Amino acid sequence: QLRTDTTVIGDFKFHEVGTAAPAEANSQTALLVPSGIARVAGTQVGTAPDYVSVATVTADATETWQEHGLFSIVTAGTLMDRSLISPTVSVVSLDTVTFTYTLTMAAEA
């Protein structure tokens with residue numbers, strides 16, 4: 001369902017970057033300090049048991065990206081995962097960075 005986009009589950013393809021560095025926590029529902037760049041819809045690829053979403057984000061300022069999130073819609077919505085970027089990515093306006101989010105699921109028993 002994640003790859004075929006036939007349910008709400010399949011909407012988890014919107015990538016967002018931010019500049020905060022605090023550790024990841026299960027209670028987080030958004031990026032801690034979003035960069036202000038609009039979320040980018042990723043291309044959903046991969047084969048079972050992996051779900052992969054790939055998106056290229058274009059910088060609009062000089063800053064250091066330290067966090068990445070995958071969301072269900074372009075604004076607000078549900079956060080699937082917040083990850084720290086390591087190493088961090090320093091960008092200037094119009095730099096592009098391609099993010100690949102991979103979720104590997106255990107095979108059903």
# chains A, B, ... in the order shown; residues from 1 in each chain; ligands from 1

call {"tool": "select_by_dssp", "arguments": {"residues": "chain A", "states": "strand (DSSP E or B)", "output": "ChimeraX atom specification"}}
result
/A:14-18,34,40-41,43-45,50-58,63-71,79-91,96-104

call {"tool": "write_last_selection", "arguments": {"atoms": "N, CA and C atoms", "output": "compact mmCIF listing (two decimals), in the first residue's frame"}}
result
# COMPACT_ATOMS: atom_id res chain seq x y z
N PHE A 14 6.00 12.89 1.21
CA PHE A 14 6.37 14.29 1.18
C PHE A 14 7.57 14.56 2.10
N HIS A 15 8.67 14.98 1.52
CA HIS A 15 9.93 15.18 2.22
C HIS A 15 10.07 16.64 2.66
N GLU A 16 10.56 16.82 3.89
CA GLU A 16 10.82 18.16 4.42
C GLU A 16 12.15 18.14 5.16
N VAL A 17 12.87 19.26 5.11
CA VAL A 17 14.14 19.38 5.82
C VAL A 17 14.05 20.46 6.88
N GLY A 18 14.92 20.33 7.89
CA GLY A 18 14.94 21.31 8.97
C GLY A 18 16.35 21.51 9.50
N PRO A 34 11.63 23.54 11.00
CA PRO A 34 11.54 23.40 9.55
C PRO A 34 12.30 24.52 8.85
N VAL A 40 8.51 18.43 -0.63
CA VAL A 40 8.67 17.93 -1.99
C VAL A 40 8.11 16.52 -2.05
N ALA A 41 7.26 16.25 -3.04
CA ALA A 41 6.71 14.90 -3.23
C ALA A 41 7.79 14.00 -3.77
N THR A 43 9.29 10.27 -5.21
CA THR A 43 8.92 9.18 -6.10
C THR A 43 8.99 7.89 -5.29
N GLN A 44 7.90 7.14 -5.28
CA GLN A 44 7.84 5.91 -4.50
C GLN A 44 8.34 4.75 -5.35
N VAL A 45 9.40 4.10 -4.84
CA VAL A 45 10.03 3.03 -5.59
C VAL A 45 10.34 1.88 -4.64
N ASP A 50 11.01 -3.61 1.11
CA ASP A 50 11.40 -2.20 1.32
C ASP A 50 10.39 -1.24 0.73
N TYR A 51 10.23 -0.09 1.41
CA TYR A 51 9.51 1.05 0.87
C TYR A 51 10.54 2.14 0.72
N VAL A 52 10.64 2.73 -0.46
CA VAL A 52 11.63 3.76 -0.72
C VAL A 52 10.94 4.97 -1.34
N SER A 53 11.27 6.15 -0.85
CA SER A 53 10.78 7.40 -1.42
C SER A 53 11.98 8.29 -1.66
N VAL A 54 12.09 8.82 -2.89
CA VAL A 54 13.24 9.63 -3.28
C VAL A 54 12.74 11.01 -3.71
N ALA A 55 13.36 12.06 -3.15
CA ALA A 55 12.97 13.43 -3.51
C ALA A 55 14.20 14.33 -3.52
N THR A 56 14.18 15.32 -4.40
CA THR A 56 15.26 16.31 -4.46
C THR A 56 14.73 17.63 -3.93
N VAL A 57 15.42 18.16 -2.92
CA VAL A 57 15.03 19.42 -2.27
C VAL A 57 16.01 20.50 -2.72
N THR A 58 15.46 21.67 -3.09
CA THR A 58 16.28 22.80 -3.51
C THR A 58 16.33 23.84 -2.41
N GLU A 63 22.14 27.70 4.91
CA GLU A 63 21.82 27.10 6.20
C GLU A 63 22.38 25.69 6.27
N THR A 64 22.26 25.07 7.42
CA THR A 64 22.70 23.69 7.60
C THR A 64 21.50 22.83 7.92
N TRP A 65 21.23 21.86 7.05
CA TRP A 65 20.12 20.94 7.26
C TRP A 65 20.60 19.83 8.19
N GLN A 66 19.82 19.59 9.26
CA GLN A 66 20.20 18.60 10.24
C GLN A 66 19.11 17.55 10.50
N GLU A 67 17.92 17.79 9.95
CA GLU A 67 16.82 16.85 10.16
C GLU A 67 16.02 16.70 8.87
N HIS A 68 15.39 15.55 8.72
CA HIS A 68 14.59 15.23 7.54
C HIS A 68 13.33 14.52 8.03
N GLY A 69 12.20 14.84 7.42
CA GLY A 69 10.96 14.17 7.78
C GLY A 69 10.21 13.70 6.56
N LEU A 70 9.42 12.65 6.75
CA LEU A 70 8.55 12.13 5.70
C LEU A 70 7.12 12.26 6.20
N PHE A 71 6.28 12.96 5.41
CA PHE A 71 4.93 13.33 5.83
C PHE A 71 3.88 12.80 4.86
N LEU A 79 3.41 12.89 10.45
CA LEU A 79 4.83 12.58 10.29
C LEU A 79 5.02 11.07 10.39
N MET A 80 5.60 10.47 9.37
CA MET A 80 5.92 9.04 9.43
C MET A 80 7.22 8.83 10.19
N ASP A 81 8.23 9.68 9.89
CA ASP A 81 9.53 9.52 10.53
C ASP A 81 10.32 10.82 10.47
N ARG A 82 10.94 11.15 11.59
CA ARG A 82 11.90 12.26 11.65
C ARG A 82 13.27 11.63 11.86
N SER A 83 14.21 11.99 11.01
CA SER A 83 15.56 11.44 11.10
C SER A 83 16.57 12.56 11.13
N LEU A 84 17.63 12.36 11.90
CA LEU A 84 18.74 13.30 11.88
C LEU A 84 19.60 13.00 10.67
N ILE A 85 20.11 14.06 10.03
CA ILE A 85 20.97 13.93 8.87
C ILE A 85 22.41 13.87 9.37
N SER A 86 23.11 12.81 9.01
CA SER A 86 24.48 12.65 9.46
C SER A 86 25.32 12.11 8.30
N PRO A 87 26.31 12.87 7.87
CA PRO A 87 26.68 14.18 8.38
C PRO A 87 25.67 15.24 7.93
N THR A 88 25.63 16.35 8.64
CA THR A 88 24.73 17.43 8.27
C THR A 88 25.09 17.96 6.88
N VAL A 89 24.15 18.68 6.27
CA VAL A 89 24.34 19.19 4.91
C VAL A 89 24.28 20.71 4.94
N SER A 90 25.39 21.35 4.61
CA SER A 90 25.42 22.81 4.50
C SER A 90 25.09 23.19 3.07
N VAL A 91 24.11 24.08 2.90
CA VAL A 91 23.65 24.46 1.57
C VAL A 91 23.64 25.98 1.42
N THR A 96 20.95 21.69 -4.59
CA THR A 96 19.96 20.62 -4.53
C THR A 96 20.56 19.42 -3.80
N VAL A 97 19.73 18.77 -3.02
CA VAL A 97 20.12 17.57 -2.29
C VAL A 97 19.04 16.52 -2.52
N THR A 98 19.44 15.33 -2.90
CA THR A 98 18.51 14.24 -3.09
C THR A 98 18.47 13.38 -1.84
N PHE A 99 17.27 13.18 -1.30
CA PHE A 99 17.06 12.36 -0.11
C PHE A 99 16.41 11.05 -0.52
N THR A 100 16.90 9.97 0.03
CA THR A 100 16.32 8.65 -0.19
C THR A 100 15.92 8.10 1.17
N TYR A 101 14.62 7.94 1.36
CA TYR A 101 14.10 7.38 2.61
C TYR A 101 13.78 5.91 2.35
N THR A 102 14.33 5.02 3.16
CA THR A 102 14.09 3.59 3.02
C THR A 102 13.53 3.03 4.31
N LEU A 103 12.40 2.35 4.19
CA LEU A 103 11.80 1.64 5.31
C LEU A 103 11.81 0.16 4.93
N THR A 104 12.48 -0.65 5.75
CA THR A 104 12.52 -2.08 5.50
C THR A 104 11.61 -2.77 6.52

call {"tool": "atom_distance", "arguments": {"atom1": "CA of Ala21 in chain A", "atom2": "CA of Val33 in chain A"}}
result
8.9 Å

call {"tool": "select_by_dssp", "arguments": {"residues": "chain A", "states": "helix (DSSP H, G or I)", "output": "PyMOL selection string"}}
result
chain A and resi 8-11
